[in-house]
Amino acid sequence: TEEAFKLMKEKGVALCATLAAGDAIEQYRGWKKGSDPEPARIMAKKKSFQLALQARVTICMGGDVGVYPHGENARELELMVEYGMKPIDVLRSATSVNADVFGYAGKIGRIQKGLLADIIAVEGDPSSDIKTTRNVKLVMKDGKIYKQ
């Protein structure tokens, strides 16, 4: 509710909406996304997420991967944008905001001297088109390149 999100904002409580989990469950139940009407659960989740955005609640990123296939984490990012968040804010949510919320701001989440060099590079501009996060061209973990 609007009141709950105002209280979350006041108390510094972050929201991890896990939008992709509900989306996947509804599709497993037979919902044909894009052609069938949105199920009540999806409409409610979308409204709730938009209320959180309006209340300026801190939103971190986590999609309950496992409900849907591992490696499909971009689904959460895409739904965050589809539900009203700006792509640049979604990228912050998945990086620096998550690091802050989980107490790792001094180790990860930013490109900064002294932090672990965990970086990906994608083809395209994810700050304007979040779907480009699916086009990973480089993966660096703790300064070591794993994919190039």
# chains A, B, ... in the order shown; residues from 1 in each chain; ligands from 1

call {"tool": "select_by_dssp", "arguments": {"residues": "range 13-125 of chain A", "states": "alpha helix (DSSP H)", "output": "ChimeraX atom specification"}}
result
/A:19-28,40-54,74-82,87-92,98-101

call {"tool": "residues_around", "arguments": {"residues": "Leu77 in chain A", "least_positions_apart": "6", "cutoff": "12 Å", "atoms": "only C-alpha atoms", "output": "compact mmCIF listing (two decimals) with C-alpha atoms, in the first residue's frame"}}
result
# COMPACT_ATOMS: atom_id res chain seq x y z
CA CYS A 16 13.32 -6.40 -3.63
CA ALA A 17 10.27 -6.90 -5.82
CA THR A 18 11.28 -10.14 -7.61
CA LEU A 19 9.04 -9.34 -10.56
CA ALA A 20 10.35 -12.09 -12.82
CA ILE A 59 14.63 -0.70 -4.86
CA CYS A 60 17.25 -3.41 -5.11
CA MET A 61 17.40 -6.07 -7.81
CA GLY A 62 16.80 -9.76 -7.28
CA GLY A 63 14.72 -11.98 -9.45
CA TYR A 83 6.82 -1.66 -14.80
CA GLY A 84 8.03 1.95 -14.81
CA MET A 85 11.65 2.26 -13.68
CA LYS A 86 14.16 4.09 -15.89
CA PRO A 87 16.88 1.83 -17.36
CA ILE A 88 19.69 3.82 -15.73
CA ASP A 89 17.99 3.41 -12.34
CA VAL A 90 17.61 -0.31 -12.95
CA LEU A 91 21.35 -0.57 -13.65
CA ARG A 92 22.08 1.29 -10.41
CA SER A 93 19.66 -0.98 -8.59
CA ALA A 94 21.52 -4.08 -9.80
CA THR A 95 24.95 -2.68 -8.93
CA PRO A 126 21.79 -0.50 -21.45
CA SER A 127 21.14 2.94 -19.96
CA ASP A 129 17.76 -0.08 -23.75
CA ILE A 130 17.93 -2.50 -20.83
CA LYS A 131 17.54 -5.48 -23.19
CA THR A 132 21.17 -4.99 -24.27
CA THR A 133 22.17 -6.60 -20.95
CA ARG A 134 21.49 -9.89 -22.73

call {"tool": "residues_around", "arguments": {"residues": "Ala52 in chain A", "least_positions_apart": "2", "cutoff": "12 Å", "atoms": "only C-alpha atoms", "output": "JSON, numbers by chain"}}
result
{"A": [1, 2, 3, 4, 5, 6, 7, 8, 9, 13, 14, 15, 16, 17, 45, 46, 47, 48, 49, 50, 54, 55, 56, 57, 58, 59, 60, 80, 83, 84, 85]}

call {"tool": "write_last_selection", "arguments": {"atoms": "N, CA, C and O atoms", "output": "CSV table (one decimal), in the first residue's frame"}}
result
chain,number,residue,atom,x,y,z
A,1,THR,N,0.8,-1.2,0.0
A,1,THR,CA,0.0,0.0,0.0
A,1,THR,C,0.9,1.2,0.0
A,1,THR,O,2.1,1.2,0.3
A,2,GLU,N,0.3,2.3,-0.3
A,2,GLU,CA,1.0,3.6,-0.3
A,2,GLU,C,1.6,3.9,1.1
A,2,GLU,O,2.7,4.3,1.2
A,3,GLU,N,0.8,3.6,2.1
A,3,GLU,CA,1.2,3.8,3.5
A,3,GLU,C,2.4,3.0,3.8
A,3,GLU,O,3.4,3.4,4.5
A,4,ALA,N,2.4,1.7,3.4
A,4,ALA,CA,3.5,0.8,3.7
A,4,ALA,C,4.8,1.3,3.0
A,4,ALA,O,5.9,1.3,3.6
A,5,PHE,N,4.7,1.8,1.8
A,5,PHE,CA,5.8,2.3,1.1
A,5,PHE,C,6.4,3.6,1.7
A,5,PHE,O,7.6,3.8,1.7
A,6,LYS,N,5.5,4.4,2.2
A,6,LYS,CA,5.9,5.7,2.9
A,6,LYS,C,6.7,5.3,4.1
A,6,LYS,O,7.7,5.9,4.4
A,7,LEU,N,6.2,4.3,4.8
A,7,LEU,CA,6.9,3.8,6.0
A,7,LEU,C,8.3,3.2,5.7
A,7,LEU,O,9.2,3.4,6.4
A,8,MET,N,8.3,2.4,4.6
A,8,MET,CA,9.6,1.8,4.2
A,8,MET,C,10.6,2.9,3.9
A,8,MET,O,11.7,2.8,4.3
A,9,LYS,N,10.1,4.0,3.2
A,9,LYS,CA,11.0,5.1,2.8
A,9,LYS,C,11.5,5.8,4.1
A,9,LYS,O,12.7,6.0,4.2
A,13,VAL,N,14.0,1.1,4.5
A,13,VAL,CA,13.8,-0.3,4.1
A,13,VAL,C,13.7,-0.4,2.6
A,13,VAL,O,12.9,0.3,2.0
A,14,ALA,N,14.5,-1.3,2.1
A,14,ALA,CA,14.6,-1.5,0.6
A,14,ALA,C,13.5,-2.5,0.2
A,14,ALA,O,13.2,-3.5,0.9
A,15,LEU,N,13.1,-2.4,-1.1
A,15,LEU,CA,12.2,-3.4,-1.7
A,15,LEU,C,13.0,-4.2,-2.7
A,15,LEU,O,13.7,-3.6,-3.6
A,16,CYS,N,12.8,-5.5,-2.6
A,16,CYS,CA,13.3,-6.4,-3.6
A,16,CYS,C,12.1,-7.1,-4.2
A,16,CYS,O,11.6,-8.0,-3.7
A,17,ALA,N,11.6,-6.5,-5.3
A,17,ALA,CA,10.3,-6.9,-5.8
A,17,ALA,C,10.2,-8.3,-6.5
A,17,ALA,O,9.1,-8.9,-6.5
A,45,LYS,N,1.1,-6.7,-8.9
A,45,LYS,CA,2.6,-6.5,-8.8
A,45,LYS,C,3.0,-5.2,-9.4
A,45,LYS,O,3.8,-4.5,-8.9
A,46,LYS,N,2.5,-5.0,-10.6
A,46,LYS,CA,2.8,-3.8,-11.4
A,46,LYS,C,2.4,-2.5,-10.6
A,46,LYS,O,3.2,-1.6,-10.5
A,47,LYS,N,1.2,-2.5,-10.1
A,47,LYS,CA,0.7,-1.4,-9.3
A,47,LYS,C,1.5,-1.2,-8.1
A,47,LYS,O,1.9,0.0,-7.7
A,48,SER,N,1.9,-2.3,-7.4
A,48,SER,CA,2.7,-2.2,-6.2
A,48,SER,C,4.1,-1.6,-6.5
A,48,SER,O,4.6,-0.7,-5.8
A,49,PHE,N,4.7,-2.1,-7.6
A,49,PHE,CA,6.0,-1.6,-8.0
A,49,PHE,C,5.9,-0.1,-8.3
A,49,PHE,O,6.8,0.7,-7.9
A,50,GLN,N,4.9,0.3,-9.0
A,50,GLN,CA,4.7,1.8,-9.3
A,50,GLN,C,4.5,2.6,-8.1
A,50,GLN,O,5.0,3.7,-8.0
A,54,GLN,N,6.8,5.7,-6.8
A,54,GLN,CA,6.3,7.0,-6.5
A,54,GLN,C,6.7,7.4,-5.1
A,54,GLN,O,7.0,8.6,-4.8
A,55,ALA,N,6.8,6.5,-4.2
A,55,ALA,CA,7.2,6.8,-2.8
A,55,ALA,C,8.7,6.9,-2.6
A,55,ALA,O,9.2,7.3,-1.6
A,56,ARG,N,9.4,6.7,-3.7
A,56,ARG,CA,10.9,6.8,-3.8
A,56,ARG,C,11.6,5.9,-2.8
A,56,ARG,O,12.6,6.2,-2.2
A,57,VAL,N,11.0,4.7,-2.7
A,57,VAL,CA,11.6,3.6,-1.9
A,57,VAL,C,12.8,3.1,-2.6
A,57,VAL,O,12.9,3.0,-3.8
A,58,THR,N,13.9,2.8,-1.8
A,58,THR,CA,15.0,2.2,-2.4
A,58,THR,C,14.7,0.8,-3.0
A,58,THR,O,14.0,0.0,-2.3
A,59,ILE,N,15.0,0.6,-4.2
A,59,ILE,CA,14.6,-0.7,-4.9
A,59,ILE,C,15.9,-1.4,-5.3
A,59,ILE,O,16.7,-0.9,-6.0
A,60,CYS,N,16.1,-2.6,-4.7
A,60,CYS,CA,17.2,-3.4,-5.1
A,60,CYS,C,16.8,-4.4,-6.1
A,60,CYS,O,15.6,-4.6,-6.4
A,80,MET,N,11.5,-4.6,-14.6
A,80,MET,CA,11.6,-3.4,-13.8
A,80,MET,C,11.4,-2.2,-14.7
A,80,MET,O,10.7,-1.2,-14.3
A,83,TYR,N,7.7,-2.1,-15.9
A,83,TYR,CA,6.8,-1.7,-14.8
A,83,TYR,C,7.0,-0.2,-14.4
A,83,TYR,O,6.3,0.3,-13.5
A,84,GLY,N,8.0,0.5,-15.0
A,84,GLY,CA,8.0,2.0,-14.8
A,84,GLY,C,9.4,2.5,-14.4
A,84,GLY,O,9.5,3.8,-14.2
A,85,MET,N,10.4,1.7,-14.1
A,85,MET,CA,11.7,2.3,-13.7
A,85,MET,C,12.5,2.6,-14.9
A,85,MET,O,12.5,1.9,-15.9

call {"tool": "atom_distance", "arguments": {"atom1": "CA of Ala24 in chain A", "atom2": "CA of Ile120 in chain A"}}
result
25.5 Å

call {"tool": "select_by_dssp", "arguments": {"residues": "chain A", "states": "strand (DSSP E or B)", "output": "list in words"}}
result
Leu15, Cys16, Ile59, Cys60, Ile119, Ile120, Ala121, Val122, Val136, Lys137, Leu138, Val139, Met140, Lys141, Lys144, Ile145, Tyr146 and Lys147 of chain A

call {"tool": "write_last_selection", "arguments": {"atoms": "N, CA and C atoms", "output": "tab-separated table (two decimals), in the first residue's frame"}}
result
chain	number	residue	atom	x	y	z
A	15	LEU	N	13.10	-2.40	-1.07
A	15	LEU	CA	12.19	-3.36	-1.69
A	15	LEU	C	12.95	-4.19	-2.71
A	16	CYS	N	12.80	-5.49	-2.62
A	16	CYS	CA	13.32	-6.40	-3.63
A	16	CYS	C	12.09	-7.08	-4.22
A	59	ILE	N	14.99	0.56	-4.21
A	59	ILE	CA	14.63	-0.70	-4.86
A	59	ILE	C	15.91	-1.41	-5.27
A	60	CYS	N	16.10	-2.60	-4.70
A	60	CYS	CA	17.25	-3.41	-5.11
A	60	CYS	C	16.79	-4.44	-6.14
A	119	ILE	N	33.10	-6.60	-13.59
A	119	ILE	CA	32.56	-5.73	-14.65
A	119	ILE	C	32.06	-6.60	-15.80
A	120	ILE	N	30.97	-6.16	-16.41
A	120	ILE	CA	30.56	-6.74	-17.69
A	120	ILE	C	30.51	-5.62	-18.71
A	121	ALA	N	30.69	-5.99	-19.96
A	121	ALA	CA	30.50	-5.05	-21.07
A	121	ALA	C	29.49	-5.70	-22.00
A	122	VAL	N	28.58	-4.89	-22.48
A	122	VAL	CA	27.53	-5.38	-23.37
A	122	VAL	C	27.58	-4.62	-24.69
A	136	VAL	N	26.03	-9.82	-23.59
A	136	VAL	CA	27.28	-9.71	-22.83
A	136	VAL	C	28.46	-10.10	-23.71
A	137	LYS	N	29.41	-9.19	-23.79
A	137	LYS	CA	30.60	-9.40	-24.62
A	137	LYS	C	31.86	-9.60	-23.78
A	138	LEU	N	31.86	-9.12	-22.53
A	138	LEU	CA	33.02	-9.25	-21.66
A	138	LEU	C	32.56	-9.46	-20.23
A	139	VAL	N	33.21	-10.39	-19.55
A	139	VAL	CA	32.96	-10.62	-18.12
A	139	VAL	C	34.30	-10.59	-17.41
A	140	MET	N	34.41	-9.71	-16.41
A	140	MET	CA	35.60	-9.63	-15.58
A	140	MET	C	35.17	-9.83	-14.13
A	141	LYS	N	35.82	-10.74	-13.44
A	141	LYS	CA	35.51	-11.01	-12.04
A	141	LYS	C	36.80	-10.85	-11.25
A	144	LYS	N	39.94	-10.48	-13.26
A	144	LYS	CA	40.31	-11.56	-14.20
A	144	LYS	C	39.23	-11.68	-15.27
A	145	ILE	N	39.63	-11.71	-16.54
A	145	ILE	CA	38.67	-11.82	-17.64
A	145	ILE	C	38.25	-13.28	-17.82
A	146	TYR	N	36.95	-13.51	-17.79
A	146	TYR	CA	36.39	-14.85	-17.97
A	146	TYR	C	35.74	-15.03	-19.33
A	147	LYS	N	35.29	-13.95	-19.93
A	147	LYS	CA	34.68	-14.00	-21.26
A	147	LYS	C	35.09	-12.75	-22.00
